[in-house]
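Data block for start39.tsv (TSV, C-alpha atoms):
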```
chain	number	residue	atom	x	y	z
H	1	MET	CA	90.75	244.28	-43.37
H	2	ILE	CA	87.40	242.79	-42.40
H	3	VAL	CA	87.73	240.44	-45.36
H	4	PHE	CA	91.10	239.36	-44.00
H	5	LEU	CA	89.66	238.61	-40.59
H	6	LYS	CA	86.89	236.52	-42.10
H	7	PHE	CA	89.56	234.33	-43.65
H	8	VAL	CA	91.86	234.07	-40.65
H	9	GLY	CA	89.97	230.89	-39.80
H	10	ALA	CA	91.29	229.41	-43.04
H	11	VAL	CA	94.75	229.07	-41.58
H	12	PHE	CA	95.95	226.45	-44.03
H	13	VAL	CA	94.04	227.91	-46.96
H	14	ALA	CA	94.84	231.62	-46.68
H	15	LEU	CA	97.78	231.83	-44.30
H	16	ILE	CA	99.57	228.50	-43.83
H	17	LEU	CA	99.40	224.96	-45.12
H	18	PHE	CA	100.90	222.41	-42.77
H	19	ALA	CA	102.20	219.23	-44.30
H	20	ILE	CA	104.60	216.96	-42.44
H	21	THR	CA	105.94	213.51	-43.18
H	22	VAL	CA	106.89	210.96	-40.50
H	23	TYR	CA	110.54	211.26	-41.46
H	24	PHE	CA	110.59	214.94	-42.11
H	25	TYR	CA	108.49	217.97	-41.52
H	26	ILE	CA	107.13	220.10	-44.33
H	27	ARG	CA	105.59	223.45	-43.46
H	28	TRP	CA	103.05	224.90	-45.87
H	29	LYS	CA	102.66	228.60	-45.30
H	30	PHE	CA	100.68	231.15	-47.30
H	31	ARG	CA	102.01	234.67	-47.07
H	32	SER	CA	99.86	237.08	-45.09
H	33	ALA	CA	101.99	240.10	-45.97
H	34	ILE	CA	102.22	239.86	-49.74
H	35	LYS	CA	101.09	242.68	-51.97
H	36	GLY	CA	97.45	242.38	-52.92
H	37	PHE	CA	96.69	239.75	-50.28
H	38	ILE	CA	93.31	241.23	-49.41
H	39	ASP	CA	92.35	241.36	-53.08
H	40	ALA	CA	93.37	237.72	-53.42
H	41	LEU	CA	91.21	236.74	-50.47
H	42	GLN	CA	88.25	238.60	-51.92
H	43	SER	CA	88.54	236.45	-55.02
H	44	ILE	CA	88.45	233.18	-53.06
H	45	ASP	CA	85.06	231.49	-53.14
H	46	GLY	CA	85.62	228.40	-51.06
H	47	PRO	CA	85.71	226.98	-47.55
H	48	THR	CA	87.06	229.23	-44.77
H	49	VAL	CA	88.58	226.32	-42.83
H	50	PRO	CA	91.33	224.07	-44.20
H	51	PRO	CA	90.74	220.40	-45.00
H	52	PHE	CA	91.56	218.16	-42.07
H	53	ARG	CA	92.88	215.42	-44.36
H	54	VAL	CA	94.70	215.58	-47.70
H	55	LYS	CA	95.78	213.18	-50.42
H	56	LEU	CA	99.10	213.63	-52.13
H	57	LYS	CA	99.18	212.56	-55.77
H	58	ARG	CA	102.12	212.22	-58.10
H	59	TYR	CA	101.99	215.11	-60.55
H	60	GLU	CA	102.05	213.82	-64.12
H	61	VAL	CA	102.71	217.18	-65.79
H	62	VAL	CA	106.43	217.85	-66.13
H	63	PHE	CA	107.60	221.28	-64.95
H	64	ASP	CA	109.40	222.22	-68.14
H	65	ASP	CA	108.63	223.72	-71.54
H	66	GLU	CA	108.04	220.41	-73.30
H	67	GLY	CA	104.69	219.41	-71.78
H	68	ASP	CA	101.24	220.94	-71.96
H	69	ASP	CA	101.66	222.90	-68.74
H	70	ASP	CA	100.86	226.44	-69.84
H	71	TYR	CA	98.12	226.65	-67.23
H	72	ILE	CA	100.67	226.41	-64.40
H	73	GLU	CA	101.12	229.81	-62.78
H	74	ASN	CA	104.59	231.03	-61.77
H	75	LYS	CA	106.15	228.22	-63.81
H	76	ASP	CA	109.45	229.99	-64.49
H	77	GLU	CA	110.00	230.99	-60.86
H	78	PHE	CA	109.01	227.53	-59.68
H	79	ASN	CA	111.49	225.85	-62.03
H	80	ALA	CA	114.19	228.32	-60.99
H	81	ARG	CA	113.80	227.43	-57.31
H	82	VAL	CA	113.89	223.69	-58.10
H	83	ASN	CA	117.08	224.30	-60.06
H	84	ASP	CA	118.56	226.27	-57.13
H	85	PHE	CA	118.16	223.18	-54.95
H	86	ILE	CA	119.73	220.97	-57.64
H	87	VAL	CA	122.75	223.29	-57.87
H	88	LEU	CA	123.14	222.91	-54.10
H	89	GLY	CA	123.38	219.12	-54.54
H	90	PHE	CA	119.75	218.09	-54.01
H	91	GLU	CA	118.16	215.34	-56.11
H	92	LYS	CA	114.50	215.41	-57.07
H	93	ILE	CA	112.25	212.92	-55.29
H	94	ASP	CA	109.18	213.68	-57.40
H	95	ASP	CA	106.56	216.23	-58.43
H	96	TYR	CA	103.30	216.12	-56.49
H	97	PHE	CA	99.90	217.73	-56.33
H	98	VAL	CA	97.76	218.29	-53.23
H	99	ASN	CA	94.23	218.08	-54.62
H	100	GLU	CA	92.53	219.64	-51.61
H	101	MET	CA	94.79	222.70	-51.89
H	102	GLY	CA	94.98	222.93	-55.66
H	103	MET	CA	98.75	223.17	-55.23
H	104	PRO	CA	101.72	221.65	-57.09
H	105	MET	CA	104.93	220.99	-55.19
H	106	THR	CA	108.29	219.38	-55.79
H	107	ALA	CA	110.27	217.50	-53.13
H	108	LEU	CA	114.04	217.07	-53.28
H	109	LEU	CA	116.61	215.34	-51.07
H	110	HIS	CA	120.24	216.13	-50.23
H	111	GLN	CA	121.42	212.60	-49.63
H	112	GLU	CA	124.63	213.35	-47.74
H	113	SER	CA	123.03	215.59	-45.10
H	114	LYS	CA	119.56	214.00	-45.19
H	115	THR	CA	118.04	217.41	-45.81
H	116	TYR	CA	114.84	217.92	-47.79
H	117	GLY	CA	114.08	220.83	-50.05
H	118	ILE	CA	110.45	221.62	-50.83
H	119	VAL	CA	109.24	224.05	-53.49
H	120	TYR	CA	105.58	225.10	-53.35
H	121	ASN	CA	103.52	226.85	-55.98
H	122	HIS	CA	100.15	228.60	-55.80
H	123	PRO	CA	98.60	230.78	-58.55
H	124	GLU	CA	97.51	233.47	-56.07
H	125	LEU	CA	100.27	233.34	-53.48
H	126	ASN	CA	103.39	232.74	-55.55
H	127	VAL	CA	106.34	230.38	-54.95
H	128	TRP	CA	108.19	229.66	-51.71
H	129	CYS	CA	110.59	227.04	-50.34
H	130	ASP	CA	111.30	225.10	-47.16
H	131	VAL	CA	114.51	223.40	-46.04
H	132	VAL	CA	113.62	220.52	-43.69
H	133	ARG	CA	115.00	217.81	-41.45
H	134	ARG	CA	113.04	215.16	-39.55
H	135	TYR	CA	114.56	213.40	-36.52
H	136	GLN	CA	114.28	210.03	-34.81
H	137	ASP	CA	112.46	211.59	-31.84
H	138	GLU	CA	109.83	212.86	-34.34
H	139	THR	CA	110.85	216.49	-33.94
H	140	SER	CA	111.67	218.64	-36.95
H	141	TRP	CA	113.51	221.74	-38.09
H	142	THR	CA	112.26	223.92	-40.93
H	143	TYR	CA	113.76	227.07	-42.45
H	144	GLY	CA	111.43	228.86	-44.88
H	145	THR	CA	111.77	231.68	-47.39
H	146	ILE	CA	108.49	233.32	-46.35
H	147	SER	CA	107.34	235.58	-43.52
H	148	ASP	CA	106.41	234.31	-40.07
H	149	TYR	CA	102.67	233.60	-40.01
H	150	TYR	CA	102.34	234.19	-36.22
H	151	MET	CA	100.35	231.03	-35.57
H	152	ASP	CA	101.05	228.57	-32.75
H	153	ARG	CA	103.44	225.74	-33.60
H	154	PRO	CA	103.09	222.12	-32.53
H	155	PRO	CA	105.49	221.25	-29.72
H	156	TRP	CA	107.55	219.00	-31.98
H	157	ALA	CA	108.27	221.66	-34.63
H	158	THR	CA	111.05	224.26	-34.82
H	159	GLN	CA	110.64	226.86	-37.56
H	160	HIS	CA	112.55	229.95	-38.61
H	161	PHE	CA	111.62	232.39	-41.37
H	162	PHE	CA	113.87	234.28	-43.76
H	163	PRO	CA	111.75	236.33	-46.17
H	164	GLY	CA	113.77	238.07	-48.84
H	165	GLU	CA	116.82	235.85	-48.36
H	166	SER	CA	118.11	233.77	-51.25
H	167	LEU	CA	117.47	230.04	-51.14
H	168	THR	CA	121.23	229.41	-51.13
H	169	THR	CA	121.70	231.63	-48.05
H	170	VAL	CA	118.79	230.00	-46.20
H	171	THR	CA	120.01	226.48	-47.01
H	172	GLU	CA	123.60	227.15	-45.95
H	173	LYS	CA	122.39	228.76	-42.73
H	174	PHE	CA	120.22	225.69	-42.09
H	175	TRP	CA	123.17	223.34	-42.54
H	176	LYS	CA	125.18	225.32	-39.97
H	177	GLU	CA	122.45	225.57	-37.34
H	178	ALA	CA	120.08	222.58	-37.58
H	179	PRO	CA	121.03	219.55	-35.42
H	180	GLY	CA	122.87	216.88	-37.37
H	181	ASP	CA	122.36	213.86	-35.09
H	182	GLY	CA	119.43	211.47	-35.36
H	183	VAL	CA	118.31	212.67	-38.79
H	184	LEU	CA	115.96	210.40	-40.73
H	185	ALA	CA	115.45	209.75	-44.42
H	186	PHE	CA	112.91	207.67	-46.31
H	187	SER	CA	112.21	206.24	-49.73
H	188	LYS	CA	110.49	207.92	-52.65
H	189	GLU	CA	107.68	205.37	-52.48
H	190	GLU	CA	106.96	206.15	-48.82
H	191	PHE	CA	106.68	209.89	-49.31
H	192	PRO	CA	102.94	210.32	-50.11
H	193	ARG	CA	101.73	207.97	-47.37
H	194	TYR	CA	103.74	209.66	-44.63
H	195	PHE	CA	102.90	213.10	-45.98
H	196	GLU	CA	99.21	212.37	-45.44
H	197	LYS	CA	99.78	210.68	-42.08
H	198	ILE	CA	101.69	213.49	-40.45
H	199	TYR	CA	99.56	216.19	-42.01
H	200	ALA	CA	96.70	214.48	-40.18
H	201	LYS	CA	98.78	214.47	-36.99
H	202	GLU	CA	99.10	218.23	-37.01
H	203	MET	CA	95.48	218.81	-37.94
H	204	ASP	CA	94.41	216.52	-35.09
H	205	TRP	CA	96.56	218.67	-32.77
H	206	ARG	CA	94.65	221.75	-33.91
H	207	ILE	CA	91.29	219.99	-33.67
H	208	GLU	CA	92.06	219.00	-30.07
H	209	ARG	CA	92.65	222.69	-29.34
H	210	GLY	CA	89.21	223.46	-30.75
H	211	GLY	CA	90.57	225.10	-33.89
H	212	VAL	CA	92.20	228.49	-34.19
H	213	THR	CA	92.57	230.28	-30.84
H	214	GLU	CA	91.63	233.85	-29.97
H	215	ALA	CA	95.29	234.65	-29.31
H	216	GLU	CA	96.25	233.42	-32.78
H	217	ILE	CA	93.53	235.48	-34.44
H	218	ARG	CA	94.57	238.61	-32.57
H	219	ARG	CA	98.27	238.09	-33.35
H	220	VAL	CA	97.65	237.68	-37.06
H	221	ALA	CA	95.30	240.67	-37.09
H	222	LYS	CA	97.86	242.79	-35.26
H	223	LYS	CA	100.57	241.74	-37.69
H	224	ASP	CA	98.33	242.96	-40.49
H	225	GLY	CA	97.64	246.20	-38.63
H	226	THR	CA	94.01	245.26	-38.00
H	227	GLU	CA	91.84	245.41	-34.88
H	228	CYS	CA	89.38	242.52	-34.62
H	229	THR	CA	86.09	242.64	-32.77
H	230	ARG	CA	84.67	240.03	-30.41
H	231	GLU	CA	82.03	239.24	-33.02
H	232	GLN	CA	84.65	238.61	-35.70
H	233	ILE	CA	86.63	236.32	-33.41
H	234	ASP	CA	83.47	234.40	-32.50
H	235	ASN	CA	82.57	234.03	-36.18
H	236	ILE	CA	86.00	232.64	-37.11
H	237	GLN	CA	86.01	230.17	-34.23
H	238	ARG	CA	82.43	229.14	-34.98
H	239	GLN	CA	83.42	228.26	-38.54
H	240	TRP	CA	86.14	226.00	-37.16
H	241	ARG	CA	83.79	224.31	-34.71
H	242	THR	CA	81.27	223.67	-37.48
H	243	GLN	CA	83.92	222.06	-39.68
H	244	ILE	CA	85.24	219.99	-36.78
H	245	THR	CA	81.70	218.75	-36.12
H	246	GLU	CA	81.30	217.74	-39.76
H	247	PHE	CA	84.70	216.07	-39.73
H	248	PHE	CA	83.81	213.87	-36.75
H	249	SER	CA	80.38	213.13	-38.21
H	250	GLU	CA	81.94	211.85	-41.42
H	251	ARG	CA	84.39	209.69	-39.47
H	252	VAL	CA	81.62	208.20	-37.32
H	253	LEU	CA	79.55	207.25	-40.37
H	254	LYS	CA	82.55	205.85	-42.21
H	255	ARG	CA	83.55	203.69	-39.24
H	256	TYR	CA	79.97	202.54	-38.62
H	257	ARG	CA	79.56	201.50	-42.25
H	258	LYS	CA	82.74	199.44	-42.02
H	259	ASP	CA	81.78	197.79	-38.72
H	260	SER	CA	78.08	197.17	-39.45
H	261	GLN	CA	78.55	195.91	-43.03
H	262	LEU	CA	75.08	197.11	-43.95
H	263	PRO	CA	73.80	196.17	-47.42
H	264	ARG	CA	74.19	198.96	-49.93
H	265	LEU	CA	70.51	199.94	-50.09
H	266	GLU	CA	70.19	200.04	-46.30
H	267	TRP	CA	73.34	202.11	-46.06
H	268	GLU	CA	72.16	204.62	-48.65
H	269	ALA	CA	68.85	205.01	-46.83
H	270	LEU	CA	70.65	205.55	-43.53
H	271	GLU	CA	73.19	207.95	-44.97
H	272	SER	CA	70.53	210.19	-46.53
H	273	HIS	CA	68.75	210.70	-43.18
H	274	ALA	CA	71.54	210.32	-40.62
H	275	VAL	CA	72.35	213.02	-38.08
H	276	ILE	CA	75.46	212.45	-35.94
H	277	ILE	CA	75.60	213.80	-32.39
H	278	HIS	CA	79.01	213.36	-30.76
H	279	GLU	CA	80.66	214.26	-27.50
H	280	ARG	CA	82.61	217.24	-28.86
H	281	MET	CA	79.59	219.26	-29.95
H	282	GLN	CA	78.63	222.55	-28.30
H	283	ALA	CA	75.28	224.31	-27.99
H	284	GLU	CA	75.24	225.98	-31.41
H	285	GLU	CA	76.23	222.79	-33.21
H	286	LEU	CA	73.55	220.81	-31.40
H	287	TYR	CA	70.85	223.30	-32.25
H	288	GLN	CA	72.03	223.48	-35.83
H	289	ALA	CA	71.71	219.68	-36.07
H	290	PHE	CA	68.20	219.85	-34.61
H	291	ASN	CA	66.86	222.84	-36.54
H	292	ASP	CA	67.32	222.74	-40.31
H	293	VAL	CA	66.57	226.45	-40.65
H	294	TYR	CA	68.98	227.67	-38.00
H	295	TYR	CA	72.62	228.35	-38.81
H	296	PRO	CA	74.88	230.17	-36.31
H	297	ALA	CA	75.78	232.97	-38.73
H	298	THR	CA	72.11	233.88	-39.12
H	299	LEU	CA	72.16	235.30	-35.62
H	300	ASP	CA	74.64	237.91	-36.84
H	301	GLU	CA	72.80	238.48	-40.11
H	302	ALA	CA	69.28	238.93	-38.68
H	303	ASP	CA	67.74	242.29	-39.50
H	304	GLU	CA	66.95	244.07	-36.22
H	305	GLU	CA	64.44	246.25	-38.04
H	306	ASP	CA	62.47	243.26	-39.28
H	307	ASP	CA	59.95	242.07	-36.71
H	308	TYR	CA	60.08	238.43	-37.87
H	309	ASP	CA	63.89	238.35	-37.88
H	310	ARG	CA	64.02	239.91	-34.44
H	311	LYS	CA	61.61	237.36	-32.97
H	312	GLU	CA	63.42	234.45	-34.60
H	313	ARG	CA	66.72	235.71	-33.25
H	314	GLU	CA	65.28	236.02	-29.75
H	315	ARG	CA	63.79	232.52	-29.95
H	316	TRP	CA	67.03	230.96	-31.23
H	317	THR	CA	69.14	232.78	-28.64
H	318	ALA	CA	66.87	231.62	-25.82
H	319	ARG	CA	66.96	228.00	-27.05
H	320	ILE	CA	70.74	228.02	-27.34
H	321	GLU	CA	71.02	229.34	-23.78
H	322	GLU	CA	68.81	226.47	-22.62
H	323	ILE	CA	71.09	224.00	-24.39
H	324	ARG	CA	74.17	225.56	-22.81
H	325	GLU	CA	72.64	225.14	-19.38
H	326	SER	CA	71.86	221.49	-20.11
H	327	LEU	CA	75.43	220.87	-21.30
H	328	LYS	CA	76.72	221.96	-17.90
H	329	GLN	CA	75.17	218.81	-16.44
H	330	HIS	CA	74.73	216.40	-19.34
H	331	SER	CA	76.60	215.09	-22.35
H	332	PRO	CA	75.79	216.47	-25.81
H	333	GLN	CA	74.13	213.14	-26.64
H	334	LYS	CA	71.76	213.33	-23.64
H	335	THR	CA	71.05	217.00	-24.24
H	336	PHE	CA	70.14	216.26	-27.84
H	337	ARG	CA	67.83	213.43	-26.79
H	338	GLU	CA	65.93	215.98	-24.73
H	339	LEU	CA	65.63	218.21	-27.79
H	340	THR	CA	64.06	215.40	-29.80
H	341	GLN	CA	61.26	215.15	-27.28
H	342	SER	CA	59.78	218.30	-28.76
H	343	PRO	CA	60.15	218.14	-32.55
H	344	SER	CA	57.99	220.07	-34.97
H	345	LYS	CA	54.68	218.46	-35.90
H	346	ASN	CA	55.83	216.72	-39.07
H	347	GLU	CA	59.29	215.63	-37.87
H	348	ILE	CA	60.36	212.10	-36.97
H	349	TRP	CA	63.49	211.48	-34.87
H	350	GLU	CA	64.67	207.90	-34.32
H	351	LEU	CA	67.80	206.87	-32.43
H	352	HIS	CA	69.45	204.34	-34.76
H	353	THR	CA	72.44	203.35	-32.63
H	354	SER	CA	75.21	204.59	-30.34
H	355	VAL	CA	78.95	204.10	-31.03
H	356	GLU	CA	82.19	204.65	-29.11
H	357	ASN	CA	84.68	204.72	-31.99
H	358	PRO	CA	86.23	206.82	-33.36
H	359	ILE	CA	84.37	209.07	-30.89
H	360	SER	CA	81.41	208.61	-28.56
H	361	ALA	CA	78.34	209.46	-30.63
H	362	ASP	CA	74.68	208.77	-31.36
H	363	ILE	CA	73.45	208.14	-34.90
H	364	TRP	CA	69.94	209.51	-35.39
H	365	ILE	CA	67.50	209.10	-38.26
H	366	HIS	CA	65.77	212.37	-39.09
H	367	LYS	CA	62.78	212.27	-41.40
H	368	TYR	CA	59.66	214.25	-42.17
H	369	GLU	CA	56.24	212.74	-42.54
H	370	ASP	CA	56.34	213.64	-46.24
H	371	ASP	CA	59.30	211.27	-46.61
H	372	GLU	CA	57.09	208.38	-45.51
H	373	GLU	CA	54.58	208.82	-48.32
H	374	ASP	CA	54.39	206.09	-50.92
H	375	TYR	CA	55.41	207.11	-54.40
H	376	VAL	CA	53.32	205.99	-57.40
H	377	ASP	CA	55.16	204.30	-60.20
H	378	ASP	CA	54.95	206.32	-63.41
H	379	ASP	CA	54.00	203.15	-65.32
H	380	ASP	CA	50.95	202.48	-63.16
H	381	ASP	CA	47.56	203.50	-64.52
```
Could you express the structure from this file as structure tokens?
Amino acid sequence: MIVFLKFVGAVFVALILFAITVYFYIRWKFRSAIKGFIDALQSIDGPTVPPFRVKLKRYEVVFDDEGDDDYIENKDEFNARVNDFIVLGFEKIDDYFVNEMGMPMTALLHQESKTYGIVYNHPELNVWCDVVRRYQDETSWTYGTISDYYMDRPPWATQHFFPGESLTTVTEKFWKEAPGDGVLAFSKEEFPRYFEKIYAKEMDWRIERGGVTEAEIRRVAKKDGTECTREQIDNIQRQWRTQITEFFSERVLKRYRKDSQLPRLEWEALESHAVIIHERMQAEELYQAFNDVYYPATLDEADEEDDYDRKERERWTARIEEIRESLKQHSPQKTFRELTQSPSKNEIWELHTSVENPISADIWIHKYEDDEEDYVDDDDD
């Protein structure tokens, strides 16, 4: 169960995958109640927070027995669910692949009712389906064939869950209950672009909330019959904050490169030494940016019996408390500037520039004196 809690932070990776288009809403959800779920999580060696952006690619491998698709897990069940939609009058839009998730999917459309059918496939977490409508007011209805994942929903999304029900039963129930006015449809060509756009919309909603909430973690843990400790909750939320910090840092650098139009060599030099400090960072993220050795999880991993570990933990904890106190009065950028006034002996911190878009941030150059040494050409005598 502890393994499960460590992965609760990976909402879209281990529990749910949200993917919405501007004309309809697709809900990606990984089952948290399937047999062997804990074993599956133990086998995952990847990030514990979902990607904040995805790219949807057309899937070139045909889901039938004619192509070289033997590596596709759950192929027969996947094809069966696609066929179930076709029998109900749906027409295939296309086969796709979400690279960041390692997941094939097929999208279908019932033209008359403007209803979308989505079949998802994952080698560890099996096959499931969603029946979806998107409306002119940008709300959505989704009926899924999986269990409720007990996470908060965006205010624009209505979802109901029918695990164990046949796809035919779920679809017919959807047609009876989902609103029929103001329904939108879109072209096959528009699908990938809007998929990515509205996926980003939901992820931005979660980022603005600071990631997964304590209430969400406790609900999911309770659903799984697990009690979670304060330390476990803090660890999950810290992973989210770290990924959010990296996400904003990447966006700041990308925007700055576009706006500044630096020559390639200058950009590469900047990129290799850049440290981004933005307005959303908290004490632990600031100290992590300042101290290459420190990482928040090391506070939990420090050996209390080891004198060096104990002293390092005490020193880090004290410094983080100082940063928290500073943040009560100053912005993260100003607080970090104060940190750079006392670097280690061989460190060099230079403020390169400040930006306001896409978020208020400072771009710092962080080097060590060793980096400034001249290198001798191998051809020189």
May I have the residues within 12 Å of range 168-177 of chain H as a PDB file with C-alpha atoms, in the coordinates of the input, using all atoms listed in the file and disregarding those fewer than 3 positions away in the same chain?
```
ATOM      1  CA  ARG H  81     113.800 227.430 -57.310  1.00  0.00           C
ATOM      2  CA  VAL H  82     113.890 223.690 -58.100  1.00  0.00           C
ATOM      3  CA  ASN H  83     117.080 224.300 -60.060  1.00  0.00           C
ATOM      4  CA  ASP H  84     118.560 226.270 -57.130  1.00  0.00           C
ATOM      5  CA  PHE H  85     118.160 223.180 -54.950  1.00  0.00           C
ATOM      6  CA  ILE H  86     119.730 220.970 -57.640  1.00  0.00           C
ATOM      7  CA  VAL H  87     122.750 223.290 -57.870  1.00  0.00           C
ATOM      8  CA  LEU H  88     123.140 222.910 -54.100  1.00  0.00           C
ATOM      9  CA  GLY H  89     123.380 219.120 -54.540  1.00  0.00           C
ATOM     10  CA  PHE H  90     119.750 218.090 -54.010  1.00  0.00           C
ATOM     11  CA  HIS H 110     120.240 216.130 -50.230  1.00  0.00           C
ATOM     12  CA  GLU H 112     124.630 213.350 -47.740  1.00  0.00           C
ATOM     13  CA  SER H 113     123.030 215.590 -45.100  1.00  0.00           C
ATOM     14  CA  LYS H 114     119.560 214.000 -45.190  1.00  0.00           C
ATOM     15  CA  THR H 115     118.040 217.410 -45.810  1.00  0.00           C
ATOM     16  CA  TYR H 116     114.840 217.920 -47.790  1.00  0.00           C
ATOM     17  CA  GLY H 117     114.080 220.830 -50.050  1.00  0.00           C
ATOM     18  CA  ILE H 118     110.450 221.620 -50.830  1.00  0.00           C
ATOM     19  CA  TRP H 128     108.190 229.660 -51.710  1.00  0.00           C
ATOM     20  CA  CYS H 129     110.590 227.040 -50.340  1.00  0.00           C
ATOM     21  CA  ASP H 130     111.300 225.100 -47.160  1.00  0.00           C
ATOM     22  CA  VAL H 131     114.510 223.400 -46.040  1.00  0.00           C
ATOM     23  CA  VAL H 132     113.620 220.520 -43.690  1.00  0.00           C
ATOM     24  CA  ARG H 133     115.000 217.810 -41.450  1.00  0.00           C
ATOM     25  CA  TRP H 141     113.510 221.740 -38.090  1.00  0.00           C
ATOM     26  CA  THR H 142     112.260 223.920 -40.930  1.00  0.00           C
ATOM     27  CA  TYR H 143     113.760 227.070 -42.450  1.00  0.00           C
ATOM     28  CA  GLY H 144     111.430 228.860 -44.880  1.00  0.00           C
ATOM     29  CA  THR H 145     111.770 231.680 -47.390  1.00  0.00           C
ATOM     30  CA  ILE H 146     108.490 233.320 -46.350  1.00  0.00           C
ATOM     31  CA  THR H 158     111.050 224.260 -34.820  1.00  0.00           C
ATOM     32  CA  GLN H 159     110.640 226.860 -37.560  1.00  0.00           C
ATOM     33  CA  HIS H 160     112.550 229.950 -38.610  1.00  0.00           C
ATOM     34  CA  PHE H 161     111.620 232.390 -41.370  1.00  0.00           C
ATOM     35  CA  PHE H 162     113.870 234.280 -43.760  1.00  0.00           C
ATOM     36  CA  PRO H 163     111.750 236.330 -46.170  1.00  0.00           C
ATOM     37  CA  GLY H 164     113.770 238.070 -48.840  1.00  0.00           C
ATOM     38  CA  GLU H 165     116.820 235.850 -48.360  1.00  0.00           C
ATOM     39  CA  GLY H 180     122.870 216.880 -37.370  1.00  0.00           C
ATOM     40  CA  ASP H 181     122.360 213.860 -35.090  1.00  0.00           C
TER      41      ASP H 181
END
```
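Using only C-alpha atoms, the shortest contact distance between Glu250 in chain H and any of H:Ile198, H:Ala361, H:Tyr96, H:Ser331 is found at H:Ala361.
Here CA of Gly182 in chain H stands at a distance of 28.2 Å from CA of Ser147 in chain H.
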Of the listed residues H:Arg134, H:Lys201, H:Arg238, H:His352, that which approaches His366 in chain H most closely, counting only C-alpha atoms: H:His352
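Going from CA of Leu286 in chain H over to CA of Lys254 in chain H, you cover 20.5 Å.
The interatomic distance for the pair CA of Arg251 in chain H and CA of Thr213 in chain H works out to 23.8 Å.
Within 7 Å of Glu369 in chain H, once all atoms listed in the file are used and residues closer than 5 positions along the same chain are dropped, the contacting residues are H:Asn346, H:Glu347, H:Ile348.
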So which one's closest to Gln341 in chain H, H:Met151, H:Phe290, H:Met203, H:Gly211? Using all atoms listed in the file, please. H:Phe290
